[in-house]
Amino acid sequence: MEQKFLIYGRNGWIGSLLGELLKEQGMSFEYGTARLEDRSAILADIERVKPTRILNAAGVTGRPNVDWCEDNKQTCVRGNVIGTLNLADVCDQKGIHMTYYGTGCIFHYDESFPQGSGKGFKEGDKPNFTGSYYSHCKAITENLLQAFDNVLTLRVRMPIVQDILYHRNFITKIIKYRKVIDIPNSMTVLPELLPMSIE
């Protein structure tokens, strides 16, 4: 059966890159029009598109950064918790696989994971960072998504692309910082992750 993708997050960086990638590869896809909090609109998208896979790159990160979520908690919950779980549940009931582009901003070094110990995080580890409301919501969502066998969660962290001048590129951001901390971290190379995520 030919794959047909339904993408949520058209106006976001990852969602737009996914569309470009699928178009380059000649694969069939459409962008969803539903707000993910609206179950009936999701069902209408699925009925219209008849996807075999759903790519969820939708969410609320805030502008200029995730600190925006501190003052807009209900919007953060609707976009990052309710909407994502609603989509996962509809996909489960319809037998459709969903790939969720989540965040790696849900872990940090602590007594159980001391910096410099060489002990890294594993897939099954519970998120231990809730220092921002954004991360708190994403951690809740990731924990709840584990109930769905049809969902693949990919944790995007400090994304990098080839275009060094692109404003969302982590390299472009970090060279503008006045101070950089020296803590080991992981980064996501989007030109490697995104093609693998649609295989």
# chains A, B, ... in the order shown; residues from 1 in each chain; ligands from 1

$ residues_around --residues "Asn11 of chain A" --least-positions-apart "6" --cutoff "12 Å" --atoms "only C-alpha atoms" --output "number ranges by chain"
A: 17-19, 31-33, 57-60

$ residues_around --residues "Met187 of chain A" --least-positions-apart "6" --cutoff "9 Å" --atoms "only C-alpha atoms" --output "MDAnalysis selection string"
chainID A and resid 104 156:160 170

$ residues_around --residues "segment 138-154 of chain A" --least-positions-apart "5" --cutoff "6 Å" --atoms "only C-alpha atoms" --output "list in words"
Val81, His97, Met98, Thr99, Tyr100, Tyr101, Gly102, Ile106 and Pro127 of chain A

$ write_last_selection --atoms "all heavy atoms" --output "compact mmCIF listing (two decimals), in the first residue's frame"
# COMPACT_ATOMS: atom_id res chain seq x y z
N VAL A 81 -0.38 19.42 25.43
CA VAL A 81 -0.86 18.24 26.17
C VAL A 81 -2.17 17.75 25.55
O VAL A 81 -2.22 16.68 24.95
CB VAL A 81 -1.05 18.54 27.68
CG1 VAL A 81 -1.51 17.28 28.43
CG2 VAL A 81 0.24 19.09 28.29
N HIS A 97 -0.50 4.96 12.52
CA HIS A 97 0.74 5.26 13.24
C HIS A 97 0.95 6.77 13.30
O HIS A 97 0.72 7.48 12.33
CB HIS A 97 1.94 4.62 12.52
CG HIS A 97 3.23 4.91 13.21
ND1 HIS A 97 3.97 6.04 12.96
CD2 HIS A 97 3.90 4.23 14.17
CE1 HIS A 97 5.04 6.04 13.72
NE2 HIS A 97 5.02 4.95 14.46
N MET A 98 1.38 7.25 14.47
CA MET A 98 1.69 8.66 14.64
C MET A 98 3.13 8.82 15.11
O MET A 98 3.56 8.16 16.05
CB MET A 98 0.76 9.30 15.70
CG MET A 98 1.04 10.77 15.94
SD MET A 98 -0.05 11.48 17.20
CE MET A 98 1.11 11.70 18.56
N THR A 99 3.87 9.68 14.43
CA THR A 99 5.21 10.06 14.87
C THR A 99 5.07 11.43 15.53
O THR A 99 4.55 12.37 14.92
CB THR A 99 6.20 10.12 13.70
OG1 THR A 99 6.29 8.82 13.11
CG2 THR A 99 7.58 10.55 14.17
N TYR A 100 5.55 11.53 16.75
CA TYR A 100 5.46 12.76 17.53
C TYR A 100 6.85 13.36 17.69
O TYR A 100 7.75 12.72 18.22
CB TYR A 100 4.85 12.44 18.90
CG TYR A 100 4.93 13.55 19.92
CD1 TYR A 100 4.35 14.79 19.70
CD2 TYR A 100 5.58 13.33 21.13
CE1 TYR A 100 4.41 15.78 20.65
CE2 TYR A 100 5.65 14.33 22.10
CZ TYR A 100 5.06 15.55 21.85
OH TYR A 100 5.13 16.54 22.79
N TYR A 101 7.02 14.58 17.21
CA TYR A 101 8.29 15.28 17.34
C TYR A 101 8.22 16.07 18.64
O TYR A 101 7.72 17.19 18.69
CB TYR A 101 8.53 16.18 16.12
CG TYR A 101 8.60 15.38 14.85
CD1 TYR A 101 7.44 15.08 14.14
CD2 TYR A 101 9.80 14.88 14.39
CE1 TYR A 101 7.49 14.32 12.98
CE2 TYR A 101 9.86 14.11 13.22
CZ TYR A 101 8.69 13.83 12.54
OH TYR A 101 8.73 13.07 11.40
N GLY A 102 8.72 15.45 19.70
CA GLY A 102 8.68 16.05 21.03
C GLY A 102 9.94 16.83 21.32
O GLY A 102 10.58 17.38 20.42
N ILE A 106 13.44 17.76 28.67
CA ILE A 106 12.72 17.18 29.80
C ILE A 106 13.66 16.40 30.72
O ILE A 106 13.21 15.70 31.61
CB ILE A 106 11.56 16.27 29.31
CG1 ILE A 106 12.06 15.20 28.35
CG2 ILE A 106 10.46 17.12 28.66
CD1 ILE A 106 11.00 14.21 27.90
N PRO A 127 11.18 11.54 32.66
CA PRO A 127 11.67 12.92 32.61
C PRO A 127 11.89 13.46 34.02
O PRO A 127 11.10 13.22 34.91
CB PRO A 127 10.53 13.67 31.90
CG PRO A 127 9.86 12.62 31.08
CD PRO A 127 9.94 11.36 31.90

$ select_by_dssp --residues "chain A" --states "alpha helix (DSSP H)" --output "MDAnalysis selection string"
chainID A and resid 13:24 39:49 73:77 83:94 133:145 170:174 190:197

$ closest_residue --among "A:Ser186, A:Thr103, A:Gln93, A:Thr172" --to "Asn80 of chain A" --atoms "only C-alpha atoms"
A:Thr103

$ closest_residue --among "A:Ile198, A:Ile42, A:Ile96, A:Ile164" --to "Met27 of chain A" --atoms "only C-alpha atoms"
A:Ile198

$ residues_around --residues "Lys94 of chain A" --least-positions-apart "4" --cutoff "10 Å" --atoms "only C-alpha atoms" --output "VMD selection string"
chain A and resid 43 46 52 88 to 90

$ select_by_dssp --residues "segment 5-199 of chain A" --states "strand (DSSP E or B)" --output "MDAnalysis selection string"
chainID A and resid 5:8 28:31 53:56 97:103 151:156 160 189

$ closest_residue --among "A:Tyr133, A:Gly118, A:Leu21, A:Glu37" --to "Gly62 of chain A" --atoms "only C-alpha atoms"
A:Tyr133

$ residues_around --residues "Phe113 of chain A" --least-positions-apart "3" --cutoff "12 Å" --atoms "only C-alpha atoms" --output "mmCIF file with N, CA and C atoms, in the first residue's frame"
data_model
loop_
_atom_site.group_PDB
_atom_site.id
_atom_site.type_symbol
_atom_site.label_atom_id
_atom_site.label_comp_id
_atom_site.auth_asym_id
_atom_site.auth_seq_id
_atom_site.Cartn_x
_atom_site.Cartn_y
_atom_site.Cartn_z
ATOM 1 N N PHE A 107 14.964 16.553 30.481
ATOM 2 C CA PHE A 107 15.980 15.883 31.298
ATOM 3 C C PHE A 107 17.043 16.876 31.731
ATOM 4 N N HIS A 108 17.620 16.630 32.907
ATOM 5 C CA HIS A 108 18.768 17.424 33.343
ATOM 6 C C HIS A 108 19.587 16.622 34.340
ATOM 7 N N TYR A 109 20.817 17.061 34.546
ATOM 8 C CA TYR A 109 21.692 16.395 35.500
ATOM 9 C C TYR A 109 21.173 16.635 36.917
ATOM 10 N N ASP A 110 21.233 15.576 37.740
ATOM 11 C CA ASP A 110 20.847 15.663 39.149
ATOM 12 C C ASP A 110 21.603 14.591 39.923
ATOM 13 N N GLY A 116 29.218 14.516 34.344
ATOM 14 C CA GLY A 116 30.576 13.987 34.321
ATOM 15 C C GLY A 116 30.687 12.534 34.732
ATOM 16 N N SER A 117 29.569 11.916 35.115
ATOM 17 C CA SER A 117 29.606 10.527 35.577
ATOM 18 C C SER A 117 29.657 9.532 34.426
ATOM 19 N N GLY A 118 29.300 9.991 33.231
ATOM 20 C CA GLY A 118 29.232 9.091 32.088
ATOM 21 C C GLY A 118 27.914 8.340 32.015
ATOM 22 N N LYS A 119 27.067 8.545 33.011
ATOM 23 C CA LYS A 119 25.757 7.892 33.031
ATOM 24 C C LYS A 119 24.795 8.715 32.190
ATOM 25 N N GLY A 120 24.334 8.149 31.112
ATOM 26 C CA GLY A 120 23.410 8.860 30.237
ATOM 27 C C GLY A 120 21.975 8.425 30.456
ATOM 28 N N PHE A 121 21.082 9.163 29.864
ATOM 29 C CA PHE A 121 19.663 8.842 29.958
ATOM 30 C C PHE A 121 19.308 7.764 28.938
ATOM 31 N N LYS A 122 18.350 6.915 29.316
ATOM 32 C CA LYS A 122 17.856 5.853 28.432
ATOM 33 C C LYS A 122 16.407 6.145 28.059
ATOM 34 N N ASP A 125 13.783 6.085 30.866
ATOM 35 C CA ASP A 125 13.913 6.968 32.036
ATOM 36 C C ASP A 125 12.784 7.986 32.065
ATOM 37 N N LYS A 126 12.298 8.243 33.287
ATOM 38 C CA LYS A 126 11.246 9.243 33.441
ATOM 39 C C LYS A 126 11.861 10.630 33.331
ATOM 40 N N PRO A 127 11.179 11.542 32.662
ATOM 41 C CA PRO A 127 11.667 12.923 32.607
ATOM 42 C C PRO A 127 11.893 13.464 34.016
ATOM 43 N N ASN A 128 12.999 14.179 34.195
ATOM 44 C CA ASN A 128 13.308 14.700 35.530
ATOM 45 C C ASN A 128 13.483 16.220 35.538
ATOM 46 N N PHE A 129 13.162 16.899 34.440
ATOM 47 C CA PHE A 129 13.261 18.349 34.414
ATOM 48 C C PHE A 129 11.897 18.966 34.172
#

$ residues_around --residues "Gly79 of chain A" --least-positions-apart "4" --cutoff "12 Å" --atoms "only C-alpha atoms" --output "PyMOL selection string"
chain A and resi 8-9+34-38+56-62+69+72-75+83-87+134+137-138+141

$ atom_distance --atom1 "atom CA of Glu123 of chain A" --atom2 "atom CA of Lys4 of chain A"
28.2 Å

$ atom_distance --atom1 "atom CA of Cys91 of chain A" --atom2 "atom CA of Gly12 of chain A"
21.2 Å
